[in-house]
Every structure is written in structure tokens, then in C-alpha cells.
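Colleague: Got a structure for you, run27.cif, holding mmCIF, C-alpha atoms.
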data_upload
loop_
_atom_site.group_PDB
_atom_site.id
_atom_site.type_symbol
_atom_site.label_atom_id
_atom_site.label_comp_id
_atom_site.auth_asym_id
_atom_site.auth_seq_id
_atom_site.Cartn_x
_atom_site.Cartn_y
_atom_site.Cartn_z
ATOM 1 C CA MET A 1 -19.991 -18.505 -18.169
ATOM 2 C CA ALA A 2 -16.592 -20.027 -17.475
ATOM 3 C CA ALA A 3 -15.635 -16.959 -15.434
ATOM 4 C CA HIS A 4 -18.490 -17.643 -13.005
ATOM 5 C CA GLN A 5 -17.405 -21.206 -12.240
ATOM 6 C CA PRO A 6 -13.820 -21.142 -10.936
ATOM 7 C CA GLY A 7 -14.960 -22.085 -7.433
ATOM 8 C CA ALA A 8 -17.036 -24.941 -8.806
ATOM 9 C CA THR A 9 -14.105 -26.442 -10.696
ATOM 10 C CA GLY A 10 -11.926 -26.032 -7.602
ATOM 11 C CA GLN A 11 -14.477 -28.002 -5.611
ATOM 12 C CA GLN A 12 -14.634 -30.681 -8.295
ATOM 13 C CA LYS A 13 -10.848 -31.104 -8.197
ATOM 14 C CA ASP A 14 -11.135 -31.859 -4.464
ATOM 15 C CA VAL A 15 -13.092 -35.027 -5.299
ATOM 16 C CA ASN A 16 -10.579 -37.824 -5.712
ATOM 17 C CA THR A 17 -10.738 -40.493 -8.377
ATOM 18 C CA ALA A 18 -11.614 -43.267 -5.904
ATOM 19 C CA SER A 19 -14.695 -41.329 -4.796
ATOM 20 C CA LEU A 20 -15.646 -40.756 -8.412
ATOM 21 C CA CYS A 21 -15.336 -44.478 -9.081
ATOM 22 C CA ARG A 22 -17.566 -45.210 -6.083
ATOM 23 C CA ILE A 23 -20.123 -42.705 -7.369
ATOM 24 C CA GLY A 24 -19.882 -44.331 -10.804
ATOM 25 C CA GLN A 25 -20.427 -47.762 -9.283
ATOM 26 C CA GLU A 26 -23.490 -46.551 -7.393
ATOM 27 C CA THR A 27 -24.792 -44.945 -10.576
ATOM 28 C CA VAL A 28 -24.378 -48.212 -12.481
ATOM 29 C CA GLN A 29 -26.256 -50.011 -9.704
ATOM 30 C CA ASP A 30 -29.040 -47.427 -9.961
ATOM 31 C CA ILE A 31 -29.139 -47.911 -13.737
ATOM 32 C CA VAL A 32 -29.457 -51.673 -13.307
ATOM 33 C CA TRP A 33 -32.191 -51.222 -10.710
ATOM 34 C CA LYS A 34 -34.168 -48.796 -12.905
ATOM 35 C CA THR A 35 -33.766 -51.075 -15.914
ATOM 36 C CA THR A 36 -35.033 -54.012 -13.857
ATOM 37 C CA GLU A 37 -38.014 -51.928 -12.799
ATOM 38 C CA ILE A 38 -38.739 -51.053 -16.439
ATOM 39 C CA PHE A 39 -38.660 -54.714 -17.428
ATOM 40 C CA ASN A 40 -40.910 -55.633 -14.497
ATOM 41 C CA VAL A 41 -43.455 -53.011 -15.543
ATOM 42 C CA LEU A 42 -43.289 -54.203 -19.156
ATOM 43 C CA LYS A 43 -43.585 -57.835 -18.108
ATOM 44 C CA ASN A 44 -46.697 -57.149 -16.050
ATOM 45 C CA THR A 45 -48.338 -54.883 -18.641
ATOM 46 C CA GLN A 46 -51.027 -56.232 -20.916
ATOM 47 C CA LEU A 47 -51.458 -54.747 -24.348
ATOM 48 C CA PRO A 48 -54.417 -52.334 -24.429
ATOM 49 C CA ASN A 49 -55.988 -53.878 -27.575
ATOM 50 C CA GLY A 50 -57.329 -50.513 -28.717
ATOM 51 C CA VAL A 51 -58.874 -49.674 -25.350
ATOM 52 C CA THR A 52 -56.983 -47.139 -23.248
ATOM 53 C CA THR A 53 -57.646 -47.505 -19.539
ATOM 54 C CA ASP A 54 -56.475 -45.447 -16.589
ATOM 55 C CA ALA A 55 -54.231 -48.326 -15.467
ATOM 56 C CA HIS A 56 -52.585 -48.398 -18.896
ATOM 57 C CA LYS A 57 -52.024 -44.621 -18.825
ATOM 58 C CA GLU A 58 -50.612 -44.899 -15.307
ATOM 59 C CA LYS A 59 -48.150 -47.619 -16.350
ATOM 60 C CA GLN A 60 -47.210 -45.614 -19.438
ATOM 61 C CA THR A 61 -46.530 -42.565 -17.265
ATOM 62 C CA LYS A 62 -44.479 -44.717 -14.905
ATOM 63 C CA LEU A 63 -42.453 -46.064 -17.835
ATOM 64 C CA HIS A 64 -41.805 -42.555 -19.147
ATOM 65 C CA ASP A 65 -40.701 -41.486 -15.675
ATOM 66 C CA TYR A 66 -38.324 -44.450 -15.408
ATOM 67 C CA MET A 67 -36.927 -43.666 -18.850
ATOM 68 C CA ARG A 68 -36.310 -40.016 -17.894
ATOM 69 C CA ASN A 69 -34.574 -41.130 -14.690
ATOM 70 C CA LEU A 70 -32.531 -43.640 -16.667
ATOM 71 C CA ASN A 71 -31.506 -40.938 -19.120
ATOM 72 C CA VAL A 72 -30.373 -38.710 -16.224
ATOM 73 C CA LEU A 73 -28.401 -41.583 -14.699
ATOM 74 C CA PHE A 74 -26.631 -42.288 -17.989
ATOM 75 C CA LYS A 75 -25.711 -38.596 -18.292
ATOM 76 C CA LYS A 76 -24.369 -38.654 -14.729
ATOM 77 C CA LEU A 77 -22.367 -41.787 -15.497
ATOM 78 C CA ARG A 78 -20.890 -40.128 -18.598
ATOM 79 C CA LEU A 79 -19.837 -37.102 -16.505
ATOM 80 C CA VAL A 80 -18.224 -39.332 -13.882
ATOM 81 C CA TYR A 81 -16.482 -41.359 -16.589
ATOM 82 C CA ASP A 82 -15.137 -38.255 -18.307
ATOM 83 C CA LYS A 83 -13.935 -36.786 -14.993
ATOM 84 C CA CYS A 84 -12.169 -40.063 -14.070
ATOM 85 C CA ASN A 85 -10.453 -40.123 -17.461
ATOM 86 C CA GLU A 86 -9.435 -36.492 -17.019
ATOM 87 C CA ASN A 87 -7.976 -37.229 -13.554
ATOM 88 C CA CYS A 88 -6.119 -40.289 -14.828
ATOM 89 C CA ALA A 89 -4.791 -38.631 -17.994
ATOM 90 C CA GLY A 90 -1.319 -38.066 -16.531
ATOM 91 C CA LEU A 91 -0.929 -41.553 -15.083
ATOM 92 C CA ASP A 92 1.254 -44.238 -16.569
ATOM 93 C CA GLN A 93 -0.964 -46.384 -18.753
ATOM 94 C CA SER A 94 1.039 -49.602 -18.552
ATOM 95 C CA ASN A 95 -0.694 -52.861 -19.285
ATOM 96 C CA THR A 96 -2.169 -54.157 -16.028
ATOM 97 C CA GLU A 97 -1.707 -57.767 -17.116
ATOM 98 C CA ASP A 98 2.049 -57.180 -17.133
ATOM 99 C CA LEU A 99 1.901 -56.152 -13.471
ATOM 100 C CA VAL A 100 0.404 -59.469 -12.335
ATOM 101 C CA PRO A 101 2.633 -62.559 -12.514
ATOM 102 C CA TRP A 102 0.578 -65.162 -14.359
ATOM 103 C CA ILE A 103 1.587 -68.795 -13.959
ATOM 104 C CA GLU A 104 0.708 -71.077 -16.824
ATOM 105 C CA ASP A 105 1.377 -74.768 -17.280
ATOM 106 C CA GLY A 106 4.744 -75.329 -18.923
ATOM 107 C CA ALA A 107 5.790 -71.701 -18.453
ATOM 108 C CA GLU A 108 8.135 -72.232 -15.507
ATOM 109 C CA SER A 109 11.122 -70.946 -17.488
ATOM 110 C CA LYS A 110 9.320 -67.609 -17.941
ATOM 111 C CA LEU A 111 8.765 -67.273 -14.208
ATOM 112 C CA ASP A 112 12.451 -66.637 -13.538
ATOM 113 C CA GLN A 113 12.329 -63.684 -15.905
ATOM 114 C CA ILE A 114 9.208 -62.073 -14.433
ATOM 115 C CA SER A 115 10.331 -60.858 -11.028
ATOM 116 C CA PRO A 116 12.879 -61.442 -8.268
ATOM 117 C CA ASN A 117 9.918 -61.855 -5.897
ATOM 118 C CA MET A 118 9.151 -65.210 -7.469
ATOM 119 C CA ASP A 119 11.212 -66.937 -4.761
ATOM 120 C CA LYS A 120 8.636 -65.685 -2.291
ATOM 121 C CA LEU A 121 5.888 -67.005 -4.542
ATOM 122 C CA TYR A 122 7.517 -70.439 -4.682
ATOM 123 C CA PHE A 123 7.972 -70.441 -0.907
ATOM 124 C CA VAL A 124 4.329 -69.531 -0.353
ATOM 125 C CA LYS A 125 3.261 -72.114 -2.923
ATOM 126 C CA GLU A 126 5.252 -74.868 -1.186
ATOM 127 C CA GLU A 127 3.906 -73.777 2.176
ATOM 128 C CA HIS A 128 0.388 -73.920 0.726
ATOM 129 C CA LYS A 129 0.965 -77.467 -0.552
ATOM 130 C CA GLU A 130 2.265 -78.545 2.870
ATOM 131 C CA MET A 131 -0.761 -77.023 4.596
ATOM 132 C CA ILE A 132 -3.125 -78.791 2.179
ATOM 133 C CA GLU A 133 -1.382 -82.102 2.885
ATOM 134 C CA LYS A 134 -1.632 -81.521 6.658
ATOM 135 C CA ILE A 135 -5.306 -80.633 6.383
ATOM 136 C CA GLN A 136 -6.003 -83.712 4.262
ATOM 137 C CA GLY A 137 -4.163 -85.864 6.843
ATOM 138 C CA LYS A 138 -6.168 -84.347 9.690
ATOM 139 C CA ASN A 139 -9.387 -84.851 7.731
ATOM 140 C CA HIS A 140 -8.478 -88.519 7.253
ATOM 141 C CA GLN A 141 -7.799 -88.879 11.002
ATOM 142 C CA LEU A 142 -11.122 -87.233 11.829
ATOM 143 C CA LYS A 143 -12.932 -89.564 9.426
ATOM 144 C CA GLU A 144 -11.360 -92.587 11.111
ATOM 145 C CA ILE A 145 -12.356 -91.281 14.557
ATOM 146 C CA MET A 146 -15.911 -90.670 13.350
ATOM 147 C CA ASP A 147 -16.083 -94.194 11.937
ATOM 148 C CA GLN A 148 -14.805 -95.637 15.234
ATOM 149 C CA LEU A 149 -17.369 -93.611 17.204
ATOM 150 C CA ARG A 150 -20.103 -94.761 14.849
ATOM 151 C CA GLU A 151 -19.107 -98.396 15.425
ATOM 152 C CA LEU A 152 -18.930 -97.824 19.193
ATOM 153 C CA MET A 153 -22.402 -96.295 19.200
ATOM 154 C CA TRP A 154 -23.684 -99.224 17.149
ATOM 155 C CA ASP A 155 -22.180 -101.680 19.651
ATOM 156 C CA VAL A 156 -23.613 -99.778 22.650
ATOM 157 C CA ASN A 157 -27.066 -99.654 21.053
ATOM 158 C CA THR A 158 -26.873 -103.365 20.265
ATOM 159 C CA MET A 159 -25.856 -104.175 23.837
ATOM 160 C CA MET A 160 -28.704 -102.054 25.225
ATOM 161 C CA VAL A 161 -31.230 -103.849 23.025
ATOM 162 C CA MET A 162 -29.777 -107.212 24.045
ATOM 163 C CA SER A 163 -29.924 -106.341 27.745
ATOM 164 C CA LYS A 164 -33.569 -105.213 27.446
ATOM 165 C CA THR A 165 -34.553 -108.456 25.681
ATOM 166 C CA ALA A 166 -32.671 -110.573 28.249
ATOM 167 C CA TYR A 167 -34.699 -109.168 31.176
ATOM 168 C CA HIS A 168 -38.068 -109.436 29.488
#
Starting from the file, give its structure as C-alpha cells.

Modeller:
Amino acid sequence: MAAHQPGATGQQKDVNTASLCRIGQETVQDIVWKTTEIFNVLKNTQLPNGVTTDAHKEKQTKLHDYMRNLNVLFKKLRLVYDKCNENCAGLDQSNTEDLVPWIEDGAESKLDQISPNMDKLYFVKEEHKEMIEKIQGKNHQLKEIMDQLRELMWDVNTMMVMSKTAYH
């Protein structure tokens, strides 16, 4: 059998890992959707109480169909998972948490040891703080302007009411 499939394995190698991951993600979404459908059917199904009706048989058939589809989806997901693991077998399996610089309270002495790019991080962090302060200042100015406009509108409305009562 293996002799009849060299072209098929060549075509499978053309599929990159990112595409496999996308297919896996779509398969997981399909599994969730089918599972939700199964629970909806079960939620809306009344127990037959010894009497088997056509509606009950129809729902039972629908449930069996959903379960078969779910089984197929899980098998597909397993194949995609195995193929992704096979494609990633030669990659460096370093801990991903070590690749991301985590900043914890009181761990500033560790930051100097993590990466020479930390100066950039500090610069960006300071720039972020300055931008937040500017935005808060502008927000305060806008609040004051809105309060002044509110008072002005109140005064104008009061004057309009007073002028209407003076002429009547």
C-alpha cells in the first residue's frame, strides 16, 4: 500500500504547518458547533416515557448523525495534530516563556539580565507614561471646557426665560 502513495505524501508535505494549524482551528470550531447542536437537541428533547414517536426517532437519528460527524471531526483533528507534530519535530523546543520578557513587581534587577533590548522597553515604557499623562491633562482640560459650556448654556437659558417673562 505504501508504494501506491508516494505522490500523496509529496502533496501532504507541500501543506505548511501554518495551514495545518488553521485547518485544526477550523476543525475545533466545527467540533464546538456540533457539540452545541447536540446539547441543543438534548435540551429540547422530552423523554419518551415508554412511547416511541416519530419525532423521538427523528431526534435520535439526528443525534446519531451528529455523533458520527463529531467522531469524524475528532479523527481529522488527530490527523492534523499528528502532522503538525511531525512537521515540528526538528524545531528547537525551547520554553516559550523564556522568549518573552516578563516584568514582575520587585524584579527590576532581573530585567538587566534578560536582554540588551530592555533599554528600548524602558524608553517605550517612559514614553507610554508621558502619553498617559498628556492624555489625562487633555481630558481634564476638556472637562473644564465642558463645564464652562454647561454653565454658559444655563446662563443663556436663564436669560431667555427672564426676557420672555419680562415682556409678558

Colleague: Do you know which residues the PyMOL selection byres ((chain A and resi 59) around 12) returns on this file, as number ranges by chain?

Modeller: A: 37-48, 52-58, 60-66

Colleague: Could you check the closest approach to A:Met118 for each of A:Met159, A:Val15, A:Leu149, A:Val100 and tell me which residue wins, using only C-alpha atoms?

Modeller: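 When distances to A:Met118 are compared using only C-alpha atoms, the smallest one comes from A:Val100.
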
Colleague: Taking (-27.9, -39.5, -13.6) in the file's own coordinates, collect the residues within 12 Å, counting only C-alpha atoms, and hand them back as a list of chain:residue names.

Modeller: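 Protein and nucleic acid residues near the point are A:Ile23, A:Gly24, A:Gln25, A:Glu26, A:Thr27, A:Val28, A:Gln29, A:Asp30, A:Ile31, A:Lys34, A:Tyr66, A:Met67, A:Arg68, A:Asn69, A:Leu70, A:Asn71, A:Val72, A:Leu73, A:Phe74, A:Lys75, A:Lys76, A:Leu77, A:Arg78, A:Leu79, A:Val80, A:Tyr81.
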
Colleague: Just give me the gap between atom CA of A:Gln148 and atom CA of A:Thr165 in Å, one decimal is fine.

Modeller: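 Separating atom CA of A:Gln148 from atom CA of A:Thr165 is a distance of 25.8 Å.
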
Colleague: Could you tell me how far atom CA of A:Glu86 sits from atom CA of A:Asn16, in Å to one decimal place?

Modeller: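 Going from atom CA of A:Asn16 over to atom CA of A:Glu86 covers 11.4 Å.
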